[in-house]
>>> print(open('entry08.txt').read())   # compact mmCIF, C-alpha atoms
# COMPACT_ATOMS: atom_id res chain seq x y z
CA MET A 1 158.28 44.59 4.93
CA ARG A 2 160.00 43.92 8.23
CA ARG A 3 159.93 40.36 9.54
CA TRP A 4 159.59 39.67 13.22
CA THR A 5 161.10 36.56 14.77
CA VAL A 6 160.22 34.95 18.06
CA ALA A 7 163.22 34.31 20.28
CA SER A 8 163.63 30.84 21.66
CA PRO A 9 163.12 30.28 25.43
CA ALA A 10 166.85 29.59 25.82
CA LEU A 11 167.74 32.87 24.13
CA VAL A 12 165.23 34.79 26.23
CA ARG A 13 166.70 33.28 29.38
CA THR A 14 170.26 34.14 28.26
CA ARG A 15 169.26 37.76 27.64
CA TYR A 16 167.55 37.94 31.03
CA ILE A 17 170.61 36.55 32.84
CA HIS A 18 172.92 38.95 30.99
CA ARG A 19 170.66 41.95 31.82
CA HIS A 20 170.28 40.86 35.46
CA TYR A 21 174.07 40.34 35.80
CA THR A 22 174.80 43.75 34.29
CA GLN A 23 172.33 45.47 36.63
CA LYS A 24 173.76 43.67 39.67
CA GLN A 25 177.31 44.69 38.72
CA ALA A 26 176.18 48.30 38.36
CA GLN A 27 174.55 48.22 41.84
CA LEU A 28 177.69 46.81 43.44
CA ALA A 29 179.83 49.41 41.70
CA ALA A 30 177.56 52.19 42.97
CA GLN A 31 177.76 50.89 46.57
CA SER A 32 181.56 50.55 46.54
CA PRO A 33 183.72 53.64 46.93
CA PRO A 34 185.69 54.43 43.76
CA GLN A 35 189.14 52.92 43.83
CA SER A 36 191.86 55.10 42.35
CA PRO A 37 194.30 53.07 40.28
CA PRO A 38 197.84 52.85 41.68
CA THR A 39 200.10 55.46 40.17
CA ARG A 40 203.03 54.15 38.20
CA ARG A 41 205.98 56.16 37.03
CA ASP A 42 206.45 56.79 33.34
CA PRO A 43 208.82 54.08 32.01
CA ALA A 44 211.18 56.59 30.45
CA ALA A 45 211.42 58.45 33.78
CA ILE A 46 213.00 55.40 35.44
CA VAL A 47 216.06 55.69 33.22
CA ALA A 48 215.67 59.32 32.09
CA PRO A 49 219.17 60.44 33.16
CA GLU A 50 220.71 57.45 31.39
CA LEU A 51 218.70 58.09 28.21
CA GLU A 52 219.79 61.72 28.13
CA HIS A 53 223.41 60.76 28.77
CA LEU A 54 223.10 58.11 26.07
CA ARG A 55 221.84 60.66 23.55
CA GLN A 56 224.59 63.18 24.25
CA ARG A 57 227.38 60.63 24.33
CA LEU A 58 226.09 58.99 21.17
CA LEU A 59 226.78 62.07 19.07
CA SER A 60 230.46 61.98 20.02
CA LEU A 61 230.70 58.36 18.88
CA LEU A 62 229.47 59.34 15.42
CA GLY A 63 232.05 61.99 14.56
CA SER A 64 233.68 61.82 11.14
CA ALA A 65 236.50 63.76 9.50
CA HIS A 66 234.20 64.19 6.49
CA PRO A 67 231.73 67.03 7.28
CA GLY A 68 229.00 65.64 4.99
CA LEU A 69 229.22 62.17 6.49
CA ASP A 70 229.29 63.65 9.99
CA GLU A 71 226.09 65.59 9.27
CA ILE A 72 224.10 62.71 7.82
CA ALA A 73 225.26 60.25 10.51
CA LYS A 74 223.81 62.54 13.18
CA TYR A 75 220.77 63.69 11.18
CA TYR A 76 218.08 61.42 12.67
CA PHE A 77 219.60 61.57 16.16
CA LEU A 78 219.05 65.33 16.32
CA HIS A 79 215.27 64.92 16.00
CA PRO A 80 212.96 63.62 18.76
CA SER A 81 212.48 59.86 18.81
CA LYS A 82 210.80 57.21 20.96
CA GLN A 83 214.16 55.58 21.85
CA MET A 84 212.18 52.40 22.46
CA ARG A 85 215.08 50.02 21.85
CA PRO A 86 217.59 51.66 24.22
CA LEU A 87 214.77 52.01 26.76
CA MET A 88 214.24 48.23 26.64
CA VAL A 89 217.98 47.58 27.07
CA LEU A 90 218.24 49.87 30.10
CA LEU A 91 215.03 48.65 31.78
CA TRP A 92 216.11 45.00 31.48
CA ALA A 93 219.48 45.91 32.95
CA ARG A 94 217.77 47.56 35.92
CA ALA A 95 215.33 44.67 36.31
CA THR A 96 218.00 41.93 36.45
CA ASN A 97 221.34 43.37 37.61
CA GLY A 98 222.45 41.41 40.65
CA LEU A 99 220.59 38.22 39.73
CA GLY A 100 223.26 36.69 37.50
CA GLU A 101 226.02 34.42 38.72
CA ASN A 102 228.74 36.71 37.36
CA TRP A 103 227.26 40.01 38.54
CA ARG A 104 230.02 40.80 41.04
CA GLU A 105 232.72 40.32 38.42
CA ARG A 106 230.88 42.60 35.98
CA ARG A 107 230.47 45.28 38.62
CA TRP A 108 234.13 44.97 39.62
CA ALA A 109 235.18 45.41 35.97
CA ALA A 110 233.06 48.58 35.82
CA GLU A 111 234.83 50.02 38.87
CA CYS A 112 238.42 48.73 38.69
CA GLU A 113 240.89 50.63 36.51
CA GLY A 114 242.40 48.39 33.83
CA ALA A 115 239.63 45.78 33.96
CA GLY A 116 238.08 47.15 30.75
CA GLY A 117 234.57 47.89 31.95
CA ARG A 118 234.81 51.56 32.92
CA GLU A 119 233.09 54.08 30.66
CA GLU A 120 236.31 55.78 29.57
CA GLU A 121 237.91 52.40 28.84
CA LEU A 122 235.12 51.52 26.39
CA ASP A 123 236.45 54.27 24.12
CA LEU A 124 240.00 52.90 24.08
CA PRO A 125 240.95 51.07 20.87
CA LEU A 126 241.95 47.41 21.06
CA THR A 127 244.30 48.01 18.11
CA ARG A 128 246.92 50.75 17.70
CA ALA A 129 245.38 54.00 16.49
CA ASP A 130 247.75 54.24 13.52
CA VAL A 131 246.50 50.83 12.32
CA LEU A 132 242.83 51.66 12.81
CA ASN A 133 243.15 55.01 10.99
CA ASP A 134 239.74 55.95 12.31
CA CYS A 135 239.56 59.71 12.53
CA ASN A 136 236.83 60.95 14.86
CA PRO A 137 237.18 64.66 15.69
CA SER A 138 235.26 64.07 18.93
CA MET A 139 237.84 61.43 19.95
CA PRO A 140 241.20 62.54 18.46
CA ASP A 141 243.70 59.76 17.89
CA SER A 142 247.19 59.72 16.39
CA ILE A 143 247.09 58.62 12.77
CA THR A 144 250.13 57.72 10.67
CA SER A 145 250.73 59.97 7.69
CA PHE A 146 250.02 58.59 4.21
CA GLU A 147 252.79 60.66 2.65
CA THR A 148 255.49 58.04 3.22
CA VAL A 149 255.78 54.28 3.18
CA PHE A 150 254.57 52.55 6.29
CA SER A 151 257.40 51.25 8.45
CA LEU A 152 257.30 48.25 10.71
CA ILE A 153 256.59 49.21 14.29
CA PRO A 154 257.83 46.80 16.98
CA PRO A 155 254.95 45.21 18.89
CA GLY A 156 254.24 46.52 22.34
CA LEU A 157 252.93 44.66 25.35
CA ARG A 158 249.35 45.25 26.38
CA ALA A 159 248.79 45.97 30.06
CA ALA A 160 247.64 42.88 31.96
CA ARG A 161 244.15 42.88 33.43
CA PRO A 162 244.16 43.20 37.22
CA PRO A 163 243.54 39.90 39.04
CA LEU A 164 240.08 39.20 40.42
CA PRO A 165 239.74 39.91 44.15
CA ALA A 166 239.43 36.74 46.23
CA ASP A 167 236.06 37.75 47.68
CA LEU A 168 234.48 37.54 44.22
CA LEU A 169 234.97 33.78 44.32
CA LEU A 170 232.89 33.36 47.48
CA PRO A 171 229.32 32.03 47.09
CA ARG A 172 226.46 34.53 47.19
CA VAL A 173 222.68 34.57 47.13
CA PRO A 174 221.47 36.19 43.86
CA ALA A 175 219.41 39.32 44.50
CA LEU A 176 218.68 42.60 42.78
CA THR A 177 221.19 45.29 43.66
CA SER A 178 219.93 47.43 46.51
CA VAL A 179 220.73 50.55 44.49
CA LEU A 180 219.53 49.67 41.00
CA GLN A 181 222.75 50.12 39.08
CA LEU A 182 223.54 50.31 35.40
CA LEU A 183 226.92 49.23 34.06
CA PRO A 184 228.82 51.31 31.47
CA THR A 185 228.77 48.33 29.11
CA GLN A 186 224.97 48.23 29.29
CA ARG A 187 224.73 51.94 28.56
CA ARG A 188 227.04 51.49 25.60
CA LEU A 189 224.94 48.55 24.38
CA ALA A 190 221.88 50.83 24.42
CA GLN A 191 223.79 53.27 22.20
CA ILE A 192 224.86 50.48 19.84
CA VAL A 193 221.30 49.21 19.51
CA GLU A 194 220.06 52.71 18.64
CA MET A 195 222.86 53.16 16.08
CA ILE A 196 221.87 49.93 14.35
CA HIS A 197 218.21 50.93 14.37
CA VAL A 198 218.93 54.34 12.82
CA ALA A 199 221.23 52.77 10.23
CA SER A 200 218.33 50.53 9.21
CA LEU A 201 216.08 53.61 8.91
CA LEU A 202 218.57 55.29 6.58
CA HIS A 203 218.65 52.23 4.34
CA ASP A 204 214.89 51.63 4.53
CA ASP A 205 214.11 55.20 3.51
CA VAL A 206 216.19 54.74 0.38
CA ILE A 207 214.48 51.46 -0.52
CA ASP A 208 210.97 52.74 0.28
CA ARG A 209 211.61 56.13 -1.38
CA SER A 210 210.30 57.84 1.77
CA ALA A 211 210.02 61.62 1.65
CA LEU A 212 209.33 62.18 5.36
CA ARG A 213 210.60 60.70 8.61
CA ARG A 214 209.16 61.86 11.96
CA GLY A 215 207.59 64.86 10.23
CA VAL A 216 210.84 66.15 8.70
CA PRO A 217 212.44 65.46 5.31
CA SER A 218 213.91 61.98 5.20
CA ALA A 219 217.66 61.57 4.78
CA PRO A 220 217.33 60.60 1.09
CA ALA A 221 215.19 63.71 0.51
CA ALA A 222 217.71 65.90 2.32
CA PHE A 223 221.01 64.36 1.22
CA GLY A 224 220.24 61.97 -1.65
CA ASN A 225 220.23 58.19 -1.86
CA LYS A 226 223.99 57.65 -2.13
CA LEU A 227 224.92 59.60 0.99
CA SER A 228 222.03 58.00 2.90
CA VAL A 229 223.29 54.51 2.10
CA LEU A 230 226.87 55.48 2.99
CA GLY A 231 225.64 57.14 6.20
CA GLY A 232 223.90 53.93 7.22
CA ASP A 233 227.03 51.91 6.46
CA PHE A 234 229.11 54.35 8.52
CA LEU A 235 226.77 53.94 11.50
CA LEU A 236 227.06 50.15 11.27
CA GLY A 237 230.85 50.47 11.21
CA ARG A 238 230.85 52.65 14.31
CA ALA A 239 228.41 50.28 16.05
CA SER A 240 230.59 47.26 15.23
CA THR A 241 233.69 48.95 16.64
CA ALA A 242 231.88 49.86 19.87
CA LEU A 243 230.45 46.34 20.07
CA SER A 244 233.89 44.71 19.98
CA ARG A 245 235.05 46.84 22.93
CA LEU A 246 232.33 45.46 25.22
CA GLY A 247 234.54 42.40 25.63
CA ASP A 248 231.81 39.74 25.50
CA LEU A 249 231.85 37.29 22.60
CA GLU A 250 228.28 36.10 23.16
CA VAL A 251 227.00 39.68 22.95
CA VAL A 252 229.05 40.30 19.81
CA GLU A 253 227.54 37.18 18.24
CA LEU A 254 224.00 38.21 19.20
CA ILE A 255 224.16 41.74 17.84
CA ALA A 256 226.08 40.71 14.72
CA SER A 257 223.28 38.25 13.96
CA VAL A 258 220.81 41.16 14.18
CA LEU A 259 222.61 42.84 11.27
CA ALA A 260 222.11 39.70 9.20
CA ASN A 261 218.45 39.51 10.32
CA LEU A 262 217.78 43.09 9.19
CA VAL A 263 219.14 42.37 5.72
CA GLU A 264 217.25 39.06 5.47
CA GLY A 265 214.03 40.77 6.55
CA GLU A 266 214.45 43.52 3.97
CA ILE A 267 215.09 40.99 1.21
CA LEU A 268 212.02 39.05 2.31
CA GLN A 269 209.96 42.22 2.04
CA MET A 270 211.50 43.15 -1.32
CA LYS A 271 210.47 39.75 -2.70
CA ASP A 272 206.91 41.00 -2.28
CA VAL A 273 207.58 44.36 -3.87
CA TYR A 274 210.49 44.32 -6.31
CA THR A 275 210.52 40.75 -7.63
CA PRO A 276 210.66 41.61 -11.36
CA GLU A 277 213.43 44.18 -10.99
CA LEU A 278 215.69 42.06 -8.78
CA GLY A 279 214.97 38.63 -10.19
CA LEU A 280 214.00 37.35 -6.73
CA VAL A 281 211.79 34.30 -6.31
CA ALA A 282 208.29 35.45 -5.40
CA THR A 283 206.85 34.69 -1.99
CA PRO A 284 204.06 32.09 -1.61
CA THR A 285 200.65 33.27 -2.72
CA ALA A 286 198.42 31.21 -0.44
CA SER A 287 197.02 33.16 2.51
CA LYS A 288 198.45 30.82 5.15
CA GLU A 289 201.92 30.85 3.60
CA ALA A 290 201.78 34.61 3.13
CA TRP A 291 201.04 34.94 6.85
CA SER A 292 204.10 32.85 7.68
CA VAL A 293 206.31 35.04 5.51
CA TYR A 294 204.80 38.23 6.96
CA LEU A 295 205.40 37.22 10.59
CA LYS A 296 208.93 36.03 9.84
CA LYS A 297 209.70 39.33 8.12
CA THR A 298 208.23 41.20 11.11
CA TYR A 299 210.53 39.34 13.47
CA LEU A 300 213.62 39.87 11.31
CA LYS A 301 213.06 43.57 10.69
CA THR A 302 211.70 44.67 14.08
CA ALA A 303 211.55 42.10 16.87
CA SER A 304 215.06 40.65 16.40
CA LEU A 305 216.85 43.83 17.50
CA MET A 306 214.55 44.25 20.51
CA ALA A 307 214.75 40.60 21.60
CA LYS A 308 218.50 40.20 21.19
CA GLY A 309 219.18 43.64 22.63
CA CYS A 310 217.30 42.71 25.83
CA ARG A 311 219.12 39.37 26.01
CA ALA A 312 222.52 41.00 25.49
CA SER A 313 221.80 43.53 28.24
CA VAL A 314 221.13 40.74 30.74
CA ILE A 315 224.30 38.89 29.67
CA LEU A 316 226.38 42.02 30.25
CA GLY A 317 224.85 42.13 33.73
CA GLY A 318 226.46 38.78 34.57
CA CYS A 319 223.86 36.19 33.58
CA ALA A 320 225.72 32.90 33.03
CA GLN A 321 224.93 29.94 30.82
CA GLY A 322 222.01 27.96 32.21
CA GLU A 323 220.38 30.88 34.05
CA VAL A 324 216.84 31.79 33.10
CA TRP A 325 217.16 35.58 32.96
CA LYS A 326 218.56 35.90 29.44
CA GLU A 327 215.96 33.42 28.14
CA LEU A 328 213.28 35.51 29.81
CA ALA A 329 214.63 38.72 28.28
CA TYR A 330 214.68 37.25 24.78
CA ALA A 331 211.16 35.80 25.04
CA PHE A 332 209.84 39.14 26.29
CA GLY A 333 211.62 41.13 23.57
CA ARG A 334 210.44 38.81 20.83
CA ASN A 335 206.78 39.05 21.86
CA PHE A 336 206.99 42.77 22.53
CA GLY A 337 208.72 43.45 19.21
CA LEU A 338 206.06 41.57 17.25
CA ALA A 339 203.30 43.41 19.11
CA PHE A 340 205.03 46.72 18.44
CA GLN A 341 205.20 46.18 14.66
CA LEU A 342 201.70 44.73 14.43
CA VAL A 343 200.35 47.89 16.06
CA ASP A 344 202.41 49.94 13.59
CA ASP A 345 200.69 48.08 10.77
CA VAL A 346 197.31 48.79 12.37
CA LEU A 347 198.11 52.48 12.74
CA ASP A 348 198.96 52.64 9.06
CA TYR A 349 195.22 52.19 8.47
CA GLU A 350 193.70 53.70 11.63
CA ALA A 351 195.81 56.80 12.06
CA GLY A 352 196.75 57.64 8.50
CA GLU A 353 194.06 60.23 7.84
CA ALA A 354 193.98 61.55 11.39
CA THR A 355 197.72 62.11 11.87
CA LEU A 356 199.22 62.22 8.38
CA GLY A 357 196.47 63.99 6.48
CA LYS A 358 196.09 61.14 4.00
CA PRO A 359 194.04 57.94 3.73
CA GLY A 360 195.25 54.94 5.65
CA GLY A 361 197.04 52.08 3.97
CA ALA A 362 200.31 53.77 2.99
CA ASP A 363 201.97 50.33 2.95
CA LEU A 364 199.67 49.41 0.08
CA GLN A 365 201.32 52.14 -1.97
CA LEU A 366 204.60 50.27 -1.51
CA GLY A 367 203.02 46.99 -2.58
CA LEU A 368 203.08 45.59 0.96
CA ALA A 369 200.35 43.35 2.36
CA THR A 370 200.53 43.63 6.15
CA GLY A 371 198.32 42.02 8.80
CA PRO A 372 195.08 43.93 8.08
CA ALA A 373 195.27 43.15 4.35
CA LEU A 374 196.08 39.47 4.94
CA TYR A 375 193.13 39.10 7.31
CA ALA A 376 190.94 40.90 4.77
CA TRP A 377 192.06 38.32 2.17
CA GLU A 378 190.58 35.57 4.36
CA GLU A 379 187.21 37.36 4.34
CA HIS A 380 187.26 38.76 0.81
CA PRO A 381 188.84 36.39 -1.76
CA GLU A 382 189.04 39.24 -4.29
CA MET A 383 191.92 40.66 -2.19
CA GLY A 384 194.13 37.75 -3.32
CA PRO A 385 194.74 38.93 -6.91
CA LEU A 386 195.49 42.46 -5.65
CA ILE A 387 198.12 41.13 -3.25
CA ARG A 388 199.63 38.87 -5.89
CA ARG A 389 200.13 41.76 -8.31
CA LYS A 390 201.29 44.02 -5.46
CA PHE A 391 198.49 46.60 -5.94
CA GLU A 392 200.21 47.85 -9.08
CA LYS A 393 197.16 48.44 -11.31
CA GLU A 394 195.24 51.67 -11.22
CA GLY A 395 192.57 51.54 -8.53
CA ASP A 396 194.13 48.54 -6.74
CA VAL A 397 195.22 50.52 -3.68
CA GLU A 398 191.80 52.15 -3.27
CA LEU A 399 190.00 48.82 -3.67
CA ALA A 400 192.31 47.07 -1.22
CA ARG A 401 191.86 49.86 1.29
CA ASP A 402 188.08 49.53 0.97
CA LEU A 403 188.26 45.75 1.44
CA VAL A 404 190.29 46.21 4.60
CA ARG A 405 187.76 48.71 5.94
CA ARG A 406 184.88 46.32 5.21
CA SER A 407 186.69 43.44 6.93
CA SER A 408 187.72 42.78 10.52
CA GLY A 409 191.39 42.89 9.45
CA VAL A 410 192.38 45.88 11.54
CA ALA A 411 190.64 44.57 14.68
CA ARG A 412 192.08 41.07 14.23
CA THR A 413 195.59 42.43 13.74
CA ARG A 414 195.25 44.44 16.94
CA ASP A 415 193.99 41.31 18.72
CA LEU A 416 197.08 39.43 17.53
CA ALA A 417 199.27 42.26 18.79
CA ARG A 418 197.43 42.13 22.12
CA ALA A 419 198.09 38.38 22.40
CA HIS A 420 201.84 38.96 21.97
CA SER A 421 201.77 41.89 24.40
CA GLU A 422 199.89 39.90 27.04
CA LYS A 423 202.38 37.04 26.70
CA ALA A 424 205.26 39.47 27.18
CA ARG A 425 203.56 40.86 30.30
CA GLU A 426 202.93 37.36 31.62
CA LEU A 427 206.65 36.55 31.35
CA LEU A 428 207.50 39.51 33.57
CA ARG A 429 205.91 37.73 36.55
CA LEU A 430 209.09 35.71 36.86
CA LEU A 431 211.10 38.86 37.67
CA PRO A 432 211.53 40.13 41.23
CA ASP A 433 209.56 43.26 42.05
CA SER A 434 211.20 46.57 41.11
CA ASP A 435 210.42 49.90 39.49
CA ALA A 436 212.00 48.59 36.28
CA LYS A 437 209.65 45.59 36.25
CA ASP A 438 206.65 47.90 36.76
CA SER A 439 207.86 50.04 33.88
CA LEU A 440 208.21 47.03 31.59
CA GLU A 441 204.65 46.01 32.45
CA LEU A 442 203.41 49.51 31.68
CA VAL A 443 205.22 49.54 28.34
CA THR A 444 203.54 46.29 27.31
CA GLU A 445 200.15 47.83 28.07
CA ARG A 446 200.86 51.07 26.24
CA VAL A 447 202.17 49.40 23.12
CA ILE A 448 198.61 48.31 22.27
CA THR A 449 196.91 51.63 22.96
CA ARG A 450 199.53 53.92 21.42
CA THR A 451 198.59 56.21 18.55
CA TRP A 452 202.12 57.05 17.35
>>> encode(input="entry08.txt", output="structure tokens")
Amino acid sequence: MRRWTVASPALVRTRYIHRHYTQKQAQLAAQSPPQSPPTRRDPAAIVAPELEHLRQRLLSLLGSAHPGLDEIAKYYFLHPSKQMRPLMVLLWARATNGLGENWRERRWAAECEGAGGREEELDLPLTRADVLNDCNPSMPDSITSFETVFSLIPPGLRAARPPLPADLLLPRVPALTSVLQLLPTQRRLAQIVEMIHVASLLHDDVIDRSALRRGVPSAPAAFGNKLSVLGGDFLLGRASTALSRLGDLEVVELIASVLANLVEGEILQMKDVYTPELGLVATPTASKEAWSVYLKKTYLKTASLMAKGCRASVILGGCAQGEVWKELAYAFGRNFGLAFQLVDDVLDYEAGEATLGKPGGADLQLGLATGPALYAWEEHPEMGPLIRRKFEKEGDVELARDLVRRSSGVARTRDLARAHSEKARELLRLLPDSDAKDSLELVTERVITRTW
């Protein structure tokens, strides 16, 4: 039997006000002519020529004398990708070049022969080629034969850097460059960031036993685990060499710390999944502590490379110590990177069946409790034991997936991603107006609504 309740006068009044307000808004909307939203260029279109140049030039950096290593190093680069990390590096360069105290010196180094900042100079070794013994068929160098003993070679003098022009020492008013210019060092940084990202994918696919990547067989499936690991190591070696030639110690420190962050993040994740096999100390089991570990892991594995890549790009554009621009770039990248991964974790549940032809919650198969599962734990205590035993018993994955669906975990995770995205967008208000700034704003909006 259905029970009827009488609404209180206050509730009746609230409903009346809400209905009246809604009707009034509809009347005003009908009276006003429709306003077409301002058109904004696609973010990738702003730096499309640079991204294409980056992709083509990147393949030459990855050449190896070993055909198998050469093939696997280039494997993921030959398939379409979002190129989100290099896009961030290039957009931040365009949004801030000219604002830093040392901008004129950086631009001069990019134009003056012998100053070390021209594109062709970034390929020149800092050490003699016969000492490096780094054979890249795309960049042939002379290499000493291994058939005889190695003889002492007298040291040579390195060409001195040209002196700075006197006009670079004059005071100037910081302003965006009239023609939004990218420096060769910033383009090379974008390539380095993408190399590091792809190296992490090669290693992750081995650890996660992934069979597919971007709809094609993963590197481990195509080449085996051993070559995949070695291919990732090779990419990191190439990235480190290119990084040293940028000539900025702060940037080297930043990107080198990303490599450590990626490893730390993977270990943190493995503590959840492979504790018995590796003898690692298990992560905390309480929901609040588990959230802390999850967000830290998300920063280390995803947001660190984005945040430090953006910061390094601004530094290469001449931002000096004490200027706000590199702090702004890092804060944006950190918030954006967290939002990006949180949405990925949402899509694992939302888009699994629609796009992958399988039920959502693939991370559960790996024993991973991401945002939606952790929120579901707060609403359904029975999720706790499943998380603690890493969904290893028969039926655990299906039960956990059902608990997530019956909770607000997916919606709350997306709300958390939106909070990070909105903070990133708020930070952009401090930048001067430009197409690059508009593109960064658009990217922060799209990261929440994306379905890929």
>>> closest_residue(input="entry08.txt", among="A:Glu323, A:Trp291, A:Ala424, A:Arg188", to="A:Trp377", atoms="only C-alpha atoms")
A:Trp291
>>> residues_around(input="entry08.txt", residues="stretch 448-452 of chain A", least_positions_apart="5", cutoff="9 Å", atoms="all atoms listed in the file", output="PyMOL selection string")
chain A and resi 339-340+343-344+347+350-351+355+414+417-418+421
>>> residues_near_point(input="entry08.txt", point="(251.3, 51.2, 6.9)", cutoff="12 Å", atoms="all atoms listed in the file", output="list in words")
Arg128, Ala129, Asp130, Val131, Leu132, Asn133, Ile143, Thr144, Ser145, Phe146, Glu147, Thr148, Val149, Phe150, Ser151, Leu152 and Ile153 of chain A
>>> residues_around(input="entry08.txt", residues="stretch 217-223 of chain A", least_positions_apart="6", cutoff="12 Å", atoms="all atoms listed in the file", output="count of residues only")
28
>>> closest_residue(input="entry08.txt", among="A:Arg446, A:Tyr375, A:Lys82, A:Gly309", to="A:Arg214", atoms="only C-alpha atoms")
A:Lys82
>>> atom_distance(input="entry08.txt", atom1="atom CA of A:Gln186", atom2="atom CA of A:Ser313")
5.8 Å
>>> closest_atom_pairs(input="entry08.txt", of="stretch 214-246 of chain A", to="stretch 61-66 of chain A", cutoff="10 Å", atoms="all atoms listed in the file", output="Markdown table")
| residue | atom | partner | partner_atom | distance |
| --- | --- | --- | --- | --- |
| A:Phe234 | CA | A:Leu62 | CA | 8.5 |
| A:Leu235 | CA | A:Leu62 | CA | 7.2 |
| A:Gly237 | CA | A:Leu62 | CA | 9.9 |
| A:Arg238 | CA | A:Leu62 | CA | 6.9 |
| A:Ala239 | CA | A:Leu61 | CA | 8.9 |
| A:Ala242 | CA | A:Leu61 | CA | 8.6 |
>>> atom_distance(input="entry08.txt", atom1="atom CA of A:Ile196", atom2="atom CA of A:Leu300")
13.4 Å
>>> atom_distance(input="entry08.txt", atom1="atom CA of A:Asp363", atom2="atom CA of A:Ala260")
23.6 Å
>>> closest_residue(input="entry08.txt", among="A:Leu338, A:Leu366, A:Leu259, A:Ala109", to="A:Glu422", atoms="all atoms listed in the file")
A:Leu338
>>> closest_residue(input="entry08.txt", among="A:Leu157, A:Ala369, A:Ala376, A:Ala436", to="A:Asn97", atoms="all atoms listed in the file")
A:Ala436
>>> closest_residue(input="entry08.txt", among="A:Ala312, A:Val404, A:Ala190, A:Met195", to="A:Leu249", atoms="only C-alpha atoms")
A:Ala312
>>> residues_around(input="entry08.txt", residues="A:Glu194", least_positions_apart="6", cutoff="9 Å", atoms="only C-alpha atoms", output="JSON, numbers by chain")
{"A": [83, 84, 85, 86]}
>>> write_last_selection(input="entry08.txt", atoms="C-alpha atoms", output="PDB file, keeping the file's coordinate frame")
ATOM      1  CA  GLN A  83     214.160  55.580  21.850  1.00  0.00           C
ATOM      2  CA  MET A  84     212.180  52.400  22.460  1.00  0.00           C
ATOM      3  CA  ARG A  85     215.080  50.020  21.850  1.00  0.00           C
ATOM      4  CA  PRO A  86     217.590  51.660  24.220  1.00  0.00           C
TER       5      PRO A  86
END
>>> residues_near_point(input="entry08.txt", point="(235.1, 49.9, 36.8)", cutoff="12 Å", atoms="all atoms listed in the file", output="PyMOL selection string")
chain A and resi 104-122+161-162+182-185
>>> closest_residue(input="entry08.txt", among="A:Pro174, A:Leu124, A:Ser81, A:Ser60", to="A:Pro432", atoms="all atoms listed in the file")
A:Pro174
>>> residues_around(input="entry08.txt", residues="A:Ala320", least_positions_apart="4", cutoff="9 Å", atoms="only C-alpha atoms", output="PDB file with C-alpha atoms, keeping the file's coordinate frame")
ATOM      1  CA  GLY A 100     223.260  36.690  37.500  1.00  0.00           C
ATOM      2  CA  GLU A 101     226.020  34.420  38.720  1.00  0.00           C
ATOM      3  CA  ASN A 102     228.740  36.710  37.360  1.00  0.00           C
ATOM      4  CA  ILE A 315     224.300  38.890  29.670  1.00  0.00           C
ATOM      5  CA  VAL A 324     216.840  31.790  33.100  1.00  0.00           C
ATOM      6  CA  TRP A 325     217.160  35.580  32.960  1.00  0.00           C
ATOM      7  CA  LYS A 326     218.560  35.900  29.440  1.00  0.00           C
TER       8      LYS A 326
END
